[in-house]
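For reference, data-v8.txt (compact mmCIF, C-alpha atoms):
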# COMPACT_ATOMS: atom_id res chain seq x y z
CA MET A 848 -24.75 8.36 -3.82
CA ASP A 849 -24.00 4.76 -4.73
CA GLU A 850 -21.38 3.38 -2.35
CA ILE A 851 -19.04 2.18 -5.10
CA LEU A 852 -19.19 5.57 -6.86
CA ARG A 853 -18.59 7.30 -3.54
CA GLN A 854 -15.55 5.13 -2.90
CA ALA A 855 -14.22 5.84 -6.41
CA LEU A 856 -14.78 9.59 -6.03
CA PHE A 857 -13.16 10.07 -2.64
CA GLY A 858 -10.71 7.17 -2.78
CA ILE A 859 -9.37 7.69 -6.32
CA ALA A 860 -10.62 10.85 -8.06
CA VAL A 861 -9.75 13.16 -5.15
CA PRO A 862 -6.30 11.67 -4.39
CA LEU A 863 -5.17 11.86 -8.03
CA PRO A 864 -4.96 15.68 -8.27
CA ILE A 865 -3.52 15.95 -4.75
CA ALA A 866 -0.73 13.55 -5.63
CA ALA A 867 -0.28 15.21 -9.03
CA VAL A 868 0.24 18.69 -7.53
CA LEU A 869 2.76 17.41 -4.99
CA ALA A 870 4.59 15.32 -7.60
CA TRP A 871 4.70 18.30 -9.99
CA GLY A 872 6.18 20.44 -7.22
CA GLY A 873 8.79 17.75 -6.58
CA CYS A 874 9.71 17.63 -10.27
CA LEU A 875 10.20 21.42 -10.29
CA LEU A 876 12.55 21.12 -7.33
CA VAL A 877 14.51 18.38 -9.10
CA ARG A 878 15.08 20.74 -12.02
CA LYS A 879 16.48 23.26 -9.56
CA LYS A 880 18.82 20.57 -8.15
CA ARG A 881 17.05 20.66 -4.78
CA HIS A 882 16.78 16.90 -4.47
CA ASP A 883 16.28 16.69 -0.70
CA GLN A 884 13.26 19.00 -0.76
CA ALA A 885 11.95 17.18 -3.83
CA GLY A 886 12.17 13.89 -1.97
CA VAL A 887 9.99 15.31 0.80
CA LEU A 888 7.32 16.39 -1.69
CA PHE A 889 7.38 13.02 -3.43
CA ALA A 890 6.96 11.32 -0.06
CA PHE A 891 4.01 13.57 0.76
CA ALA A 892 2.51 12.77 -2.65
CA ALA A 893 2.34 9.14 -1.53
CA ALA A 894 1.30 9.85 2.06
CA VAL A 895 -1.08 12.82 2.13
CA PRO A 896 -3.90 11.56 -0.16
CA MET A 897 -4.62 8.49 2.00
CA PRO A 898 -5.61 10.26 5.25
CA ILE A 899 -7.68 12.81 3.32
CA ALA A 900 -9.51 10.12 1.33
CA PHE A 901 -9.95 7.99 4.43
CA VAL A 902 -11.72 10.78 6.32
CA LEU A 903 -13.83 11.76 3.30
CA VAL A 904 -15.01 8.19 2.76
CA ASN A 905 -15.59 7.26 6.39
CA GLY A 906 -16.80 10.54 7.81
CA GLN A 907 -15.74 11.28 11.35
CA PRO A 908 -13.20 8.51 12.00
CA THR A 909 -13.28 6.36 15.11
CA ASP A 910 -10.16 5.67 17.15
CA SER A 911 -9.43 2.52 15.15
CA TRP A 912 -9.80 4.31 11.83
CA GLU A 913 -7.52 7.07 13.04
CA ARG A 914 -4.80 4.51 13.66
CA LEU A 915 -5.02 3.49 10.02
CA VAL A 916 -4.93 7.13 8.91
CA TRP A 917 -1.58 7.57 10.67
CA LEU A 918 0.03 4.62 8.89
CA SER A 919 1.15 6.54 5.82
CA LEU A 920 2.47 9.53 7.72
CA ALA A 921 4.26 7.24 10.17
CA GLY A 922 5.98 5.56 7.24
CA VAL A 923 7.08 8.86 5.73
CA VAL A 924 8.43 10.24 9.00
CA THR A 925 10.35 7.02 9.65
CA ALA A 926 11.93 7.01 6.21
CA LEU A 927 12.79 10.71 6.07
CA VAL A 928 14.41 10.67 9.50
CA LEU A 929 16.52 7.54 9.00
CA LEU A 930 17.27 7.41 5.31
CA SER A 931 18.88 9.60 2.73
CA ARG A 932 18.20 9.41 -1.00
CA ARG A 933 21.35 7.30 -1.45
CA ALA A 934 20.92 5.03 1.53
CA GLY A 935 23.11 1.96 1.79
CA LEU A 936 21.71 -1.52 2.26
CA TRP A 937 22.35 -1.53 6.01
CA LYS A 938 20.56 1.79 6.39
CA THR A 939 17.62 0.52 4.38
CA GLY A 940 17.48 -2.54 6.62
CA LEU A 941 17.49 -0.31 9.69
CA GLY A 942 14.66 1.73 8.20
CA ALA A 943 12.67 -1.44 7.56
CA VAL A 944 13.08 -2.54 11.18
CA VAL A 945 12.01 0.87 12.50
CA LEU A 946 9.06 1.02 10.10
CA ALA A 947 7.94 -2.42 11.30
CA GLY A 948 8.14 -1.20 14.88
CA VAL A 949 6.23 2.02 14.19
CA VAL A 950 3.43 0.23 12.34
CA THR A 951 3.18 -2.36 15.11
CA ALA A 952 2.99 0.39 17.74
CA VAL A 953 0.33 2.31 15.79
CA LEU A 954 -1.85 -0.78 15.43
CA TRP A 955 -1.04 -2.50 18.72
CA ARG A 956 -4.39 -1.89 20.42
CA ALA A 957 -6.16 -3.35 17.40
CA VAL A 958 -3.99 -6.46 17.09
CA LYS A 959 -3.48 -7.15 20.80
CA PRO A 960 -6.61 -9.38 21.12
CA GLU A 961 -5.06 -11.88 18.69
CA GLU A 962 -3.73 -14.99 20.45
CA SER A 963 -0.91 -15.62 17.99
CA TRP A 964 2.14 -13.39 18.12
CA VAL A 965 2.74 -14.13 14.44
CA VAL A 966 -0.64 -12.62 13.60
CA ARG A 967 -0.08 -9.65 15.90
CA LEU A 968 3.22 -8.81 14.26
CA THR A 969 2.21 -9.48 10.65
CA PRO A 970 1.10 -5.92 9.72
CA GLY A 971 4.34 -4.39 10.97
CA LEU A 972 6.65 -7.11 9.70
CA GLY A 973 4.82 -7.08 6.38
CA ALA A 974 5.29 -3.31 6.05
CA GLY A 975 8.99 -3.51 6.90
CA THR A 976 9.64 -6.42 4.56
CA LEU A 977 7.70 -4.83 1.72
CA PHE A 978 9.64 -1.58 2.20
CA PHE A 979 13.00 -3.37 2.16
CA GLY A 980 12.15 -5.38 -0.96
CA LEU A 981 10.83 -2.34 -2.80
CA SER A 982 13.97 -0.40 -1.90
CA VAL A 983 16.11 -3.15 -3.42
CA LEU A 984 13.99 -3.15 -6.57
CA ALA A 985 14.17 0.63 -6.79
CA GLY A 986 17.93 0.36 -7.09
CA ARG A 987 17.57 -1.91 -10.11
CA MET A 988 14.38 -0.95 -11.95
CA PRO A 989 13.25 2.23 -13.71
CA GLY A 990 11.00 4.26 -11.44
CA SER A 991 8.15 4.25 -13.93
CA VAL A 992 8.13 0.44 -14.10
CA LEU A 993 8.34 0.05 -10.32
CA GLY A 994 5.49 2.54 -9.92
CA LEU A 995 3.27 0.68 -12.38
CA CYS A 996 3.97 -2.64 -10.65
CA LEU A 997 3.20 -1.06 -7.28
CA TRP A 998 -0.04 0.30 -8.71
CA ALA A 999 -1.03 -3.16 -9.98
CA ALA A 1000 -0.32 -4.66 -6.55
CA ALA A 1001 -2.42 -1.91 -4.95
CA VAL A 1002 -5.32 -2.75 -7.26
CA ALA A 1003 -5.24 -6.40 -6.23
CA THR A 1004 -4.82 -5.50 -2.55
CA GLY A 1005 -7.72 -3.06 -2.60
CA LEU A 1006 -9.95 -5.57 -4.34
CA GLY A 1007 -9.05 -8.19 -1.75
CA VAL A 1008 -9.83 -5.80 1.11
CA VAL A 1009 -13.23 -4.93 -0.38
CA LEU A 1010 -14.10 -8.60 -0.97
CA MET A 1011 -13.32 -9.25 2.70
CA GLY A 1012 -16.26 -7.01 3.49
CA GLN A 1013 -14.16 -3.97 4.42
CA MET A 1014 -15.22 -1.48 1.76
CA SER A 1015 -14.56 1.45 4.08
CA MET A 1016 -10.96 0.28 4.38
CA GLY A 1017 -10.64 0.51 0.61
CA ALA A 1018 -9.93 4.15 1.39
CA ALA A 1019 -6.68 2.99 2.96
CA VAL A 1020 -5.52 1.34 -0.27
CA ALA A 1021 -7.13 3.08 -3.26
CA PRO A 1022 -5.40 6.45 -2.64
CA VAL A 1023 -2.05 4.67 -2.46
CA GLY A 1024 -2.68 3.15 -5.87
CA ALA A 1025 -3.69 6.54 -7.27
CA ALA A 1026 -0.60 8.20 -5.81
CA VAL A 1027 1.94 5.65 -7.06
CA LEU A 1028 0.36 5.80 -10.52
CA VAL A 1029 0.96 9.56 -10.58
CA LEU A 1030 4.50 9.05 -9.32
CA ALA A 1031 5.12 6.43 -12.00
CA VAL A 1032 4.27 9.07 -14.60
CA ALA A 1033 6.55 11.54 -12.80
CA SER A 1034 9.37 8.97 -13.07
CA ARG A 1035 9.01 8.62 -16.82
CA GLY A 1036 12.37 9.02 -18.51
CA SER A 1037 14.31 8.31 -15.33
CA GLU A 1038 16.47 5.26 -14.90
CA ARG A 1039 16.84 3.45 -11.59
CA GLY A 1040 14.44 4.39 -8.85
CA GLY A 1041 13.12 7.61 -10.27
CA VAL A 1042 11.07 9.47 -7.67
CA PHE A 1043 10.63 6.31 -5.59
CA GLY A 1044 12.88 7.23 -2.71
CA PRO A 1045 12.59 5.83 0.83
CA GLY A 1046 9.83 8.25 1.84
CA VAL A 1047 7.57 7.18 -1.02
CA LEU A 1048 8.23 3.47 -0.50
CA ALA A 1049 7.65 3.62 3.25
CA ALA A 1050 4.44 5.61 2.81
CA ALA A 1051 3.13 3.04 0.34
CA SER A 1052 4.34 -0.04 2.22
CA ALA A 1053 2.65 0.73 5.53
CA PRO A 1054 -1.01 0.82 4.37
CA LEU A 1055 -0.57 -1.78 1.62
CA ALA A 1056 0.71 -4.35 4.10
CA ALA A 1057 -1.39 -3.35 7.11
CA ALA A 1058 -4.81 -2.83 5.51
CA PRO A 1059 -5.33 -6.41 4.20
CA ALA A 1060 -3.87 -7.90 7.39
CA MET A 1061 -6.24 -5.85 9.58
CA ALA A 1062 -9.19 -6.57 7.29
CA TRP A 1063 -8.52 -10.30 7.62
CA MET A 1064 -8.30 -10.09 11.41
CA TRP A 1065 -11.60 -8.23 11.63
CA MET A 1066 -13.24 -10.55 9.10
CA LYS A 1067 -12.56 -13.51 11.39
CA VAL A 1068 -15.50 -12.32 13.50
CA THR A 1069 -17.80 -13.69 10.78
CA GLY A 1070 -15.59 -16.61 9.82
CA SER A 1071 -12.75 -17.17 7.37
CA SER A 1072 -11.71 -20.19 5.32
CA TYR A 1073 -8.19 -19.06 4.44
CA GLY A 1074 -5.12 -18.00 6.32
CA LEU A 1075 -3.46 -14.63 6.69
CA TRP A 1076 -0.61 -15.81 4.45
CA LEU A 1077 -2.96 -15.80 1.45
CA VAL A 1078 -4.15 -12.26 2.13
CA MET A 1079 -0.58 -10.96 2.34
CA LEU A 1080 0.28 -12.31 -1.11
CA ALA A 1081 -1.68 -9.45 -2.71
CA PRO A 1082 0.60 -6.56 -1.62
CA PHE A 1083 3.68 -8.73 -2.13
CA SER A 1084 2.62 -9.49 -5.70
CA VAL A 1085 4.60 -6.37 -6.69
CA PHE A 1086 7.76 -8.48 -6.54
CA ALA A 1087 6.52 -10.49 -9.52
CA GLY A 1088 7.45 -7.42 -11.53
CA ALA A 1089 11.11 -8.33 -11.00
CA ILE A 1090 10.71 -10.48 -14.10
CA TYR A 1091 11.49 -7.21 -15.90
CA LEU A 1092 15.13 -7.67 -14.78
CA LEU A 1093 15.63 -11.16 -16.22
CA PRO A 1094 18.63 -11.27 -18.59
CA SER A 1095 16.57 -13.25 -21.10
CA LEU A 1096 14.21 -10.26 -21.49
CA ARG A 1097 16.87 -7.63 -22.06
CA THR A 1098 16.64 -8.09 -25.82
CA VAL A 1099 12.88 -7.50 -25.71
CA LYS A 1100 11.62 -3.99 -26.39
CA ALA A 1101 11.08 -1.93 -23.23
CA PRO A 1102 7.29 -1.47 -23.63
CA VAL A 1103 6.85 -5.22 -24.03
CA ARG A 1104 8.95 -5.88 -20.94
CA VAL A 1105 6.77 -3.47 -18.97
CA VAL A 1106 3.61 -5.24 -20.14
CA ILE A 1107 5.11 -8.61 -19.15
CA ALA A 1108 6.03 -7.29 -15.68
CA LEU A 1109 2.57 -5.79 -15.14
CA ALA A 1110 0.91 -8.99 -16.33
CA CYS A 1111 2.93 -11.03 -13.83
CA VAL A 1112 2.01 -8.72 -10.94
CA LEU A 1113 -1.67 -8.80 -11.86
CA LEU A 1114 -1.56 -12.57 -12.35
CA VAL A 1115 -0.19 -13.12 -8.84
CA GLY A 1116 -2.30 -10.40 -7.21
CA LEU A 1117 -5.61 -11.19 -8.83
CA GLY A 1118 -4.87 -14.91 -8.55
CA THR A 1119 -4.55 -14.36 -4.81
CA VAL A 1120 -7.95 -12.66 -4.75
CA GLY A 1121 -9.37 -15.54 -6.77
CA GLY A 1122 -7.95 -17.98 -4.24
CA MET A 1123 -9.61 -16.02 -1.45
CA LEU A 1124 -12.96 -16.25 -3.24
CA ALA A 1125 -12.54 -19.95 -3.93
CA LEU A 1126 -11.81 -20.74 -0.28
CA ASP A 1127 -14.26 -18.33 1.22
CA THR A 1128 -17.33 -19.50 3.13
CA HIS A 1129 -20.29 -17.60 4.48
CA ALA A 1130 -20.24 -16.18 7.97
CA GLN A 1131 -20.65 -18.75 10.69
CA THR A 1132 -23.17 -16.61 12.51
CA ASP A 1133 -26.76 -15.99 11.45
CA ASP A 1134 -26.28 -12.25 11.47
CA GLY A 1135 -22.60 -11.45 11.46
CA MET A 1136 -23.01 -7.69 11.32
CA ASN A 1137 -24.54 -7.71 14.79
CA ASP A 1138 -21.39 -9.32 16.16
CA LEU A 1139 -18.92 -6.93 14.56
CA PRO A 1140 -17.01 -4.54 16.80
CA ASP A 1141 -17.83 -0.83 16.50
CA PHE A 1142 -14.81 0.01 14.39
CA MET A 1143 -16.10 -2.24 11.57
CA GLN A 1144 -19.45 -0.46 11.31
CA TYR A 1145 -20.07 2.41 8.94
CA PRO A 1146 -20.48 5.75 10.70
CA ASN A 1147 -24.04 6.80 11.35
CA GLU A 1148 -25.40 9.39 8.95

How does the structure come out when it is put into structure tokens?
Amino acid sequence: MDEILRQALFGIAVPLPIAAVLAWGGCLLVRKKRHDQAGVLFAFAAAVPMPIAFVLVNGQPTDSWERLVWLSLAGVVTALVLLSRRAGLWKTGLGAVVLAGVVTAVLWRAVKPEESWVVRLTPGLGAGTLFFGLSVLAGRMPGSVLGLCLWAAAVATGLGVVLMGQMSMGAAVAPVGAAVLVLAVASRGSERGGVFGPGVLAAASAPLAAAPAMAWMWMKVTGSSYGLWLVMLAPFSVFAGAIYLLPSLRTVKAPVRVVIALACVLLVGLGTVGGMLALDTHAQTDDGMNDLPDFMQYPNE
């Protein structure tokens, strides 16, 4: 099977129905006023598809791949333990700090060889910061709009990861995009936040922030012409969707506002990817694949 089709099948087509079933179950529980249980199912809708897709795409995962598989579940557990559906700002901040710590701990063996502490801590700090920012937006934006913006940021992030030569790691991003798209549909008709509670946001933030950071670190083996800061703009492009909240747009029809928000997210996200391509150079070694560590190689058939 063509590799791109294989990635699309296992990374997108399979996660969609998994997320849809879990989201549908959560919606049924909401109708029965069982909001806490619904929040758990919504969180699983964001978290469960990624490990399944990751294993299907990559075959038997290595130790390093397994660490990435645990990112989503680690985010969900962190959020569900610390945060309630109506968490205050201080509690959200505490959750962001703990999520950053959990992600850092999960990936520590992979990032430890880096000389710079800033680089070592970027995946975890990125996940925590993304989670906190998304939580703030969820308190101000309709869930469907936030979900669509998060999906657009996932598209740009996944594309950036693939263009960094880490197609297998696309399975750490594509399922997140598929899941948040389903959850955006599930939030249709809701006002602020919708189904995007702390569990969902933590589950999405961990892989979206960590995958491009890790891909960049591993890509350095063959050379890189741009910094980690550029790579991290792709997942953070979701915040461009905050243009939806501008007072000057409140008189604009809702569908047009959504299109404007999505266009801004895609402009920042895809512009980031374009900047990566513009600054990119070929590997500095004659045969870079021979120098890659084992966890960057595709599994043997």

Residues within 10 Å of region 1070-1082 of chain A, please, as a VMD selection string. Count all atoms listed in the file; anything in the same chain fewer than 4 positions from it doesn't count. chain A and resid 965 to 966 969 to 970 973 to 974 977 997 to 1008 1011 1052 1054 to 1066 1086 1112 to 1113 1115 to 1120 1122 to 1132 1135

Near region 1089-1098 of chain A, counting all atoms listed in the file, which residues have an atom at most 8 Å away, once you skip same-chain residues fewer than 4 positions from it, shown as a VMD selection string? chain A and resid 984 987 to 988 1104 to 1105 1107 to 1108 1111

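If you look at CA of Leu869 (chain A) and CA of Pro989 (chain A), they are 20.4 Å away from each other.
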
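With distances restricted to only C-alpha atoms, A:Phe889 is the closest residue to Leu1048 (chain A) from A:Trp955, A:Phe889, A:Trp917, A:Phe1083.
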
Counting all atoms listed in the file, give me one row per residue of region 877-929 of chain A with an atom at most 10 Å from an atom of region 1027-1041 of chain A, showing the shortest contact pair and its distance in Å to one decimal, sorted by chain then residue number, as a tab-separated table.
residue	atom	partner	partner_atom	distance
A:Phe889	CA	A:Leu1030	CA	7.7
A:Ala890	CA	A:Leu1030	CA	9.8
A:Ala892	CA	A:Leu1030	CA	7.9
A:Ala893	CA	A:Val1027	CA	6.6

Counting only C-alpha atoms, what is within 7 Å of Ser1015 (chain A), bar same-chain residues fewer than 3 positions away, as a CSV table (one decimal) with C-alpha atoms, in the coordinates of the input?
chain,number,residue,atom,x,y,z
A,904,VAL,CA,-15.0,8.2,2.8
A,905,ASN,CA,-15.6,7.3,6.4
A,1018,ALA,CA,-9.9,4.2,1.4

Hey, which of A:Val1042, A:Leu927, A:Val1047, A:Ile859 ends up closest to Gly990 (chain A)? Count only C-alpha atoms. A:Val1042

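CA of Val950 (chain A) to CA of Leu918 (chain A) spans 6.5 Å [interatomic distance, one decimal].
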
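Among the candidates A:Val958, A:Ala1051, A:Val1106, A:Ala885, the one nearest to Gly975 (chain A) when counting all atoms listed in the file is A:Ala1051.
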
Using only C-alpha atoms, find the one residue out of A:Gly971, A:Trp937, A:Gly1017, A:Gly1121 that sits nearest to Ala921 (chain A). A:Gly971

Residue rebuild result region 874-893 of chain A, N, CA and C atoms as a PDB file, in the coordinates of the input:
ATOM      1  N   CYS A 874       8.986  17.603  -8.998  1.00  0.00           N
ATOM      2  CA  CYS A 874       9.710  17.630 -10.270  1.00  0.00           C
ATOM      3  C   CYS A 874      10.343  18.997 -10.521  1.00  0.00           C
ATOM      4  N   LEU A 875       9.635  20.064 -10.154  1.00  0.00           N
ATOM      5  CA  LEU A 875      10.200  21.420 -10.290  1.00  0.00           C
ATOM      6  C   LEU A 875      11.441  21.582  -9.431  1.00  0.00           C
ATOM      7  N   LEU A 876      11.388  21.034  -8.218  1.00  0.00           N
ATOM      8  CA  LEU A 876      12.550  21.120  -7.330  1.00  0.00           C
ATOM      9  C   LEU A 876      13.722  20.306  -7.857  1.00  0.00           C
ATOM     10  N   VAL A 877      13.436  19.184  -8.511  1.00  0.00           N
ATOM     11  CA  VAL A 877      14.510  18.380  -9.100  1.00  0.00           C
ATOM     12  C   VAL A 877      15.234  19.185 -10.172  1.00  0.00           C
ATOM     13  N   ARG A 878      14.469  19.913 -10.976  1.00  0.00           N
ATOM     14  CA  ARG A 878      15.080  20.740 -12.020  1.00  0.00           C
ATOM     15  C   ARG A 878      15.980  21.814 -11.445  1.00  0.00           C
ATOM     16  N   LYS A 879      15.667  22.233 -10.226  1.00  0.00           N
ATOM     17  CA  LYS A 879      16.480  23.260  -9.560  1.00  0.00           C
ATOM     18  C   LYS A 879      17.587  22.621  -8.712  1.00  0.00           C
ATOM     19  N   LYS A 880      17.786  21.319  -8.868  1.00  0.00           N
ATOM     20  CA  LYS A 880      18.820  20.570  -8.150  1.00  0.00           C
ATOM     21  C   LYS A 880      18.603  20.544  -6.640  1.00  0.00           C
ATOM     22  N   ARG A 881      17.374  20.703  -6.218  1.00  0.00           N
ATOM     23  CA  ARG A 881      17.050  20.660  -4.780  1.00  0.00           C
ATOM     24  C   ARG A 881      16.426  19.292  -4.484  1.00  0.00           C
ATOM     25  N   HIS A 882      17.259  18.279  -4.519  1.00  0.00           N
ATOM     26  CA  HIS A 882      16.780  16.900  -4.470  1.00  0.00           C
ATOM     27  C   HIS A 882      16.209  16.514  -3.097  1.00  0.00           C
ATOM     28  N   ASP A 883      16.792  17.044  -2.025  1.00  0.00           N
ATOM     29  CA  ASP A 883      16.280  16.690  -0.700  1.00  0.00           C
ATOM     30  C   ASP A 883      14.857  17.195  -0.503  1.00  0.00           C
ATOM     31  N   GLN A 884      14.622  18.457  -0.875  1.00  0.00           N
ATOM     32  CA  GLN A 884      13.260  19.000  -0.760  1.00  0.00           C
ATOM     33  C   GLN A 884      12.300  18.291  -1.705  1.00  0.00           C
ATOM     34  N   ALA A 885      12.785  17.914  -2.885  1.00  0.00           N
ATOM     35  CA  ALA A 885      11.950  17.180  -3.830  1.00  0.00           C
ATOM     36  C   ALA A 885      11.540  15.837  -3.257  1.00  0.00           C
ATOM     37  N   GLY A 886      12.480  15.172  -2.574  1.00  0.00           N
ATOM     38  CA  GLY A 886      12.170  13.890  -1.970  1.00  0.00           C
ATOM     39  C   GLY A 886      11.065  13.979  -0.934  1.00  0.00           C
ATOM     40  N   VAL A 887      11.046  15.088  -0.187  1.00  0.00           N
ATOM     41  CA  VAL A 887       9.990  15.310   0.800  1.00  0.00           C
ATOM     42  C   VAL A 887       8.637  15.439   0.113  1.00  0.00           C
ATOM     43  N   LEU A 888       8.589  16.221  -0.977  1.00  0.00           N
ATOM     44  CA  LEU A 888       7.320  16.390  -1.690  1.00  0.00           C
ATOM     45  C   LEU A 888       6.849  15.080  -2.317  1.00  0.00           C
ATOM     46  N   PHE A 889       7.760  14.315  -2.864  1.00  0.00           N
ATOM     47  CA  PHE A 889       7.380  13.020  -3.430  1.00  0.00           C
ATOM     48  C   PHE A 889       6.826  12.093  -2.347  1.00  0.00           C
ATOM     49  N   ALA A 890       7.451  12.138  -1.168  1.00  0.00           N
ATOM     50  CA  ALA A 890       6.960  11.320  -0.060  1.00  0.00           C
ATOM     51  C   ALA A 890       5.559  11.758   0.355  1.00  0.00           C
ATOM     52  N   PHE A 891       5.339  13.073   0.409  1.00  0.00           N
ATOM     53  CA  PHE A 891       4.010  13.570   0.760  1.00  0.00           C
ATOM     54  C   PHE A 891       2.981  13.228  -0.309  1.00  0.00           C
ATOM     55  N   ALA A 892       3.428  13.154  -1.570  1.00  0.00           N
ATOM     56  CA  ALA A 892       2.510  12.770  -2.650  1.00  0.00           C
ATOM     57  C   ALA A 892       1.975  11.368  -2.431  1.00  0.00           C
ATOM     58  N   ALA A 893       2.780  10.511  -1.829  1.00  0.00           N
ATOM     59  CA  ALA A 893       2.340   9.140  -1.530  1.00  0.00           C
ATOM     60  C   ALA A 893       1.565   9.064  -0.230  1.00  0.00           C
TER      61      ALA A 893
END
